[in-house]
$ cat target36.cif   # mmCIF, C-alpha atoms
data_data
loop_
_atom_site.group_PDB
_atom_site.id
_atom_site.type_symbol
_atom_site.label_atom_id
_atom_site.label_comp_id
_atom_site.auth_asym_id
_atom_site.auth_seq_id
_atom_site.Cartn_x
_atom_site.Cartn_y
_atom_site.Cartn_z
ATOM 1 C CA MET G 179 123.964 122.113 29.153
ATOM 2 C CA ASP G 180 121.932 124.519 27.039
ATOM 3 C CA ALA G 181 118.192 124.468 27.472
ATOM 4 C CA PRO G 182 116.254 122.759 24.682
ATOM 5 C CA PRO G 183 114.639 125.175 22.269
ATOM 6 C CA VAL G 184 111.346 126.374 23.708
ATOM 7 C CA GLN G 185 109.564 125.389 20.485
ATOM 8 C CA SER G 186 110.357 121.749 21.261
ATOM 9 C CA THR G 187 108.058 121.814 24.295
ATOM 10 C CA LEU G 188 104.282 121.427 24.022
ATOM 11 C CA THR G 189 101.296 121.396 26.305
ATOM 12 C CA VAL G 190 98.654 118.923 25.147
ATOM 13 C CA LEU G 191 95.057 119.176 26.315
ATOM 14 C CA THR G 192 92.487 116.403 26.391
ATOM 15 C CA THR G 193 89.213 115.933 28.266
ATOM 16 C CA THR G 194 87.210 113.004 29.556
ATOM 17 C CA ASP G 195 83.931 112.472 31.381
ATOM 18 C CA ALA G 196 85.182 111.046 34.688
ATOM 19 C CA GLU G 197 87.943 111.844 37.146
ATOM 20 C CA ASP G 198 89.211 108.259 37.258
ATOM 21 C CA LYS G 199 89.484 108.208 33.456
ATOM 22 C CA ALA G 200 91.455 111.472 33.583
ATOM 23 C CA ARG G 201 93.783 109.958 36.165
ATOM 24 C CA ASP G 202 94.236 106.834 34.007
ATOM 25 C CA LEU G 203 95.082 108.932 30.929
ATOM 26 C CA ALA G 204 97.537 111.056 32.923
ATOM 27 C CA THR G 205 99.231 108.108 34.612
ATOM 28 C CA GLY G 206 99.422 106.055 31.431
ATOM 29 C CA ALA G 207 101.050 108.858 29.452
ATOM 30 C CA ILE G 208 103.625 109.419 32.207
ATOM 31 C CA ARG G 209 104.299 105.689 32.564
ATOM 32 C CA ALA G 210 104.898 105.426 28.798
ATOM 33 C CA ARG G 211 107.258 108.462 28.955
ATOM 34 C CA LEU G 212 105.046 110.267 26.435
ATOM 35 C CA ALA G 213 104.624 113.174 28.844
ATOM 36 C CA ALA G 214 106.731 114.467 31.711
ATOM 37 C CA CYS G 215 103.838 115.814 33.741
ATOM 38 C CA ALA G 216 100.052 115.845 33.651
ATOM 39 C CA GLN G 217 97.672 118.065 35.550
ATOM 40 C CA ILE G 218 94.008 117.237 36.025
ATOM 41 C CA THR G 219 91.452 119.998 36.415
ATOM 42 C CA GLY G 220 87.774 119.593 36.943
ATOM 43 C CA PRO G 221 85.058 119.251 36.813
ATOM 44 C CA VAL G 222 84.558 121.765 34.037
ATOM 45 C CA THR G 223 81.448 122.355 31.961
ATOM 46 C CA SER G 224 81.888 121.784 28.232
ATOM 47 C CA VAL G 225 79.344 123.093 25.712
ATOM 48 C CA TYR G 226 79.745 121.813 22.160
ATOM 49 C CA ARG G 227 77.920 120.719 19.029
ATOM 50 C CA TRP G 228 77.898 116.940 18.460
ATOM 51 C CA GLU G 229 76.040 115.228 15.640
ATOM 52 C CA GLY G 230 73.947 118.341 15.004
ATOM 53 C CA GLU G 231 72.884 118.885 18.618
ATOM 54 C CA ILE G 232 74.212 121.286 21.237
ATOM 55 C CA GLU G 233 75.448 119.267 24.193
ATOM 56 C CA THR G 234 76.545 120.195 27.690
ATOM 57 C CA ALA G 235 78.775 117.814 29.636
ATOM 58 C CA ARG G 236 80.736 117.685 32.862
ATOM 59 C CA GLU G 237 84.358 116.829 32.041
ATOM 60 C CA TRP G 238 87.856 116.731 33.479
ATOM 61 C CA GLN G 239 90.739 118.323 31.616
ATOM 62 C CA VAL G 240 94.147 116.695 31.427
ATOM 63 C CA LEU G 241 97.035 119.002 30.505
ATOM 64 C CA LEU G 242 100.167 117.077 29.525
ATOM 65 C CA LYS G 243 103.695 118.441 29.045
ATOM 66 C CA THR G 244 105.684 116.806 26.263
ATOM 67 C CA THR G 245 108.043 117.525 23.383
ATOM 68 C CA THR G 246 107.430 117.889 19.673
ATOM 69 C CA ALA G 247 109.494 114.726 19.190
ATOM 70 C CA ARG G 248 107.063 112.713 21.364
ATOM 71 C CA TYR G 249 103.830 114.382 20.231
ATOM 72 C CA ALA G 250 102.876 111.895 17.491
ATOM 73 C CA ALA G 251 103.325 108.946 19.848
ATOM 74 C CA LEU G 252 101.348 110.741 22.576
ATOM 75 C CA GLU G 253 98.497 111.536 20.167
ATOM 76 C CA THR G 254 98.377 107.921 18.988
ATOM 77 C CA TRP G 255 98.412 106.639 22.559
ATOM 78 C CA LEU G 256 95.669 109.070 23.688
ATOM 79 C CA THR G 257 93.491 108.152 20.703
ATOM 80 C CA GLU G 258 93.814 104.445 21.500
ATOM 81 C CA ALA G 259 93.445 104.806 25.293
ATOM 82 C CA HIS G 260 90.510 107.232 25.156
ATOM 83 C CA ASP G 261 86.908 106.055 25.146
ATOM 84 C CA TYR G 262 85.547 109.051 23.183
ATOM 85 C CA ASP G 263 84.899 108.573 19.450
ATOM 86 C CA THR G 264 86.646 111.877 18.729
ATOM 87 C CA PRO G 265 88.696 112.888 21.764
ATOM 88 C CA GLU G 266 89.855 116.457 22.133
ATOM 89 C CA ILE G 267 93.622 116.457 21.610
ATOM 90 C CA ILE G 268 95.059 119.935 21.176
ATOM 91 C CA ALA G 269 98.769 120.777 21.264
ATOM 92 C CA THR G 270 100.027 124.271 22.025
ATOM 93 C CA PRO G 271 103.686 125.267 21.736
ATOM 94 C CA VAL G 272 105.372 126.656 24.823
ATOM 95 C CA VAL G 273 106.761 130.050 23.831
ATOM 96 C CA ARG G 274 108.673 130.759 27.056
ATOM 97 C CA GLY G 275 109.643 128.739 30.083
ATOM 98 C CA SER G 276 112.178 128.026 32.773
ATOM 99 C CA ALA G 277 115.280 126.441 31.249
ATOM 100 C CA ALA G 278 115.486 123.916 34.093
ATOM 101 C CA TYR G 279 111.850 122.882 33.649
ATOM 102 C CA LEU G 280 112.139 122.559 29.868
ATOM 103 C CA GLU G 281 115.265 120.419 30.263
ATOM 104 C CA TRP G 282 113.361 118.226 32.727
ATOM 105 C CA VAL G 283 110.493 117.739 30.236
ATOM 106 C CA GLU G 284 113.043 116.783 27.580
ATOM 107 C CA ARG G 285 114.763 114.259 29.889
ATOM 108 C CA GLU G 286 111.529 112.698 31.172
ATOM 109 C CA THR G 287 110.144 112.092 27.689
ATOM 110 C CA ALA G 288 113.346 110.820 26.095
ATOM 111 C CA GLU G 289 112.977 107.392 24.490
#
$ encode --input "target36.cif" --output "structure tokens"
Amino acid sequence: MDAPPVQSTLTVLTTTDAEDKARDLATGAIRARLAACAQITGPVTSVYRWEGEIETAREWQVLLKTTTARYAALETWLTEAHDYDTPEIIATPVVRGSAAYLEWVERETAE
């Protein structure tokens, strides 16, 4: 079987303010087959402007692996499951990767 085109694979980043919330987002996305894998990193320090003020917050990052075909559903799910008013949801295309891993992502996120 040929590997799926690399452009069909995405990494999607989101953040949240507690480790248990990060774990819930990761587990929920995997359970719903919207992502094949999720990695949680943290805590990290985020500095950002919100409602005209510079804020600093301790957050956990969740990096999800999905496909372009499942991205819209993943974004919708994250927006609904997240407790932030405007959650960070950023998708980055994978430009290179192991054929076996990319095939696995494709299989694990298939509807």
$ residues_around --input "target36.cif" --residues "Thr193 of chain G" --least-positions-apart "2" --cutoff "12 Å" --atoms "all atoms listed in the file" --output "mmCIF file with C-alpha atoms, in the frame of the given file"
data_model
loop_
_atom_site.group_PDB
_atom_site.id
_atom_site.type_symbol
_atom_site.label_atom_id
_atom_site.label_comp_id
_atom_site.auth_asym_id
_atom_site.auth_seq_id
_atom_site.Cartn_x
_atom_site.Cartn_y
_atom_site.Cartn_z
ATOM 1 C CA VAL G 190 98.654 118.923 25.147
ATOM 2 C CA LEU G 191 95.057 119.176 26.315
ATOM 3 C CA ASP G 195 83.931 112.472 31.381
ATOM 4 C CA ALA G 196 85.182 111.046 34.688
ATOM 5 C CA GLU G 197 87.943 111.844 37.146
ATOM 6 C CA ASP G 198 89.211 108.259 37.258
ATOM 7 C CA LYS G 199 89.484 108.208 33.456
ATOM 8 C CA ALA G 200 91.455 111.472 33.583
ATOM 9 C CA ARG G 201 93.783 109.958 36.165
ATOM 10 C CA ASP G 202 94.236 106.834 34.007
ATOM 11 C CA LEU G 203 95.082 108.932 30.929
ATOM 12 C CA ALA G 204 97.537 111.056 32.923
ATOM 13 C CA GLN G 217 97.672 118.065 35.550
ATOM 14 C CA ILE G 218 94.008 117.237 36.025
ATOM 15 C CA THR G 219 91.452 119.998 36.415
ATOM 16 C CA GLY G 220 87.774 119.593 36.943
ATOM 17 C CA PRO G 221 85.058 119.251 36.813
ATOM 18 C CA VAL G 222 84.558 121.765 34.037
ATOM 19 C CA THR G 223 81.448 122.355 31.961
ATOM 20 C CA SER G 224 81.888 121.784 28.232
ATOM 21 C CA ALA G 235 78.775 117.814 29.636
ATOM 22 C CA ARG G 236 80.736 117.685 32.862
ATOM 23 C CA GLU G 237 84.358 116.829 32.041
ATOM 24 C CA TRP G 238 87.856 116.731 33.479
ATOM 25 C CA GLN G 239 90.739 118.323 31.616
ATOM 26 C CA VAL G 240 94.147 116.695 31.427
ATOM 27 C CA LEU G 241 97.035 119.002 30.505
ATOM 28 C CA LEU G 242 100.167 117.077 29.525
ATOM 29 C CA LEU G 256 95.669 109.070 23.688
ATOM 30 C CA THR G 257 93.491 108.152 20.703
ATOM 31 C CA HIS G 260 90.510 107.232 25.156
ATOM 32 C CA ASP G 261 86.908 106.055 25.146
ATOM 33 C CA TYR G 262 85.547 109.051 23.183
ATOM 34 C CA THR G 264 86.646 111.877 18.729
ATOM 35 C CA PRO G 265 88.696 112.888 21.764
ATOM 36 C CA GLU G 266 89.855 116.457 22.133
ATOM 37 C CA ILE G 267 93.622 116.457 21.610
ATOM 38 C CA ILE G 268 95.059 119.935 21.176
#
$ residues_around --input "target36.cif" --residues "Val225 of chain G" --least-positions-apart "3" --cutoff "8 Å" --atoms "all atoms listed in the file" --output "ChimeraX atom specification"
/G:232-235
$ write_last_selection --input "target36.cif" --atoms "C-alpha atoms" --output "PDB file, in the coordinates of the input"
ATOM      1  CA  ILE G 232      74.212 121.286  21.237  1.00  0.00           C
ATOM      2  CA  GLU G 233      75.448 119.267  24.193  1.00  0.00           C
ATOM      3  CA  THR G 234      76.545 120.195  27.690  1.00  0.00           C
ATOM      4  CA  ALA G 235      78.775 117.814  29.636  1.00  0.00           C
TER       5      ALA G 235
END
$ atom_distance --input "target36.cif" --atom1 "atom CA of Ala214 of chain G" --atom2 "atom CA of Trp282 of chain G"
7.7 Å
$ atom_distance --input "target36.cif" --atom1 "atom CA of Ala278 of chain G" --atom2 "atom CA of Arg211 of chain G"
18.2 Å
$ closest_residue --input "target36.cif" --among "G:Thr254, G:Thr244, G:Thr287, G:Thr205" --to "Pro271 of chain G" --atoms "only C-alpha atoms"
G:Thr244
$ atom_distance --input "target36.cif" --atom1 "atom CA of Ala288 of chain G" --atom2 "atom CA of Thr270 of chain G"
19.4 Å
$ residues_around --input "target36.cif" --residues "Ala213 of chain G" --least-positions-apart "5" --cutoff "8 Å" --atoms "all atoms listed in the file" --output "list of chain:residue names"
G:Ala207, G:Ile208, G:Leu242, G:Lys243, G:Thr244, G:Thr245, G:Arg248, G:Leu252, G:Val283, G:Glu286, G:Thr287
$ closest_residue --input "target36.cif" --among "G:Glu229, G:Ala251, G:Cys215, G:Ala269" --to "Thr189 of chain G" --atoms "all atoms listed in the file"
G:Ala269
$ closest_residue --input "target36.cif" --among "G:Ala210, G:Ala277, G:Val272, G:Ala250" --to "Leu188 of chain G" --atoms "all atoms listed in the file"
G:Val272
$ closest_residue --input "target36.cif" --among "G:Ser186, G:Asp263, G:Glu231, G:Gly206" --to "Glu281 of chain G" --atoms "only C-alpha atoms"
G:Ser186
$ axis_aligned_box --input "target36.cif" --around "segment 227-232 of chain G" --padding-each-side "4 Å" --output "JSON"
{"center_x": 75.4, "center_y": 118.3, "center_z": 18.1, "size_x": 13.0, "size_y": 14.1, "size_z": 14.2}
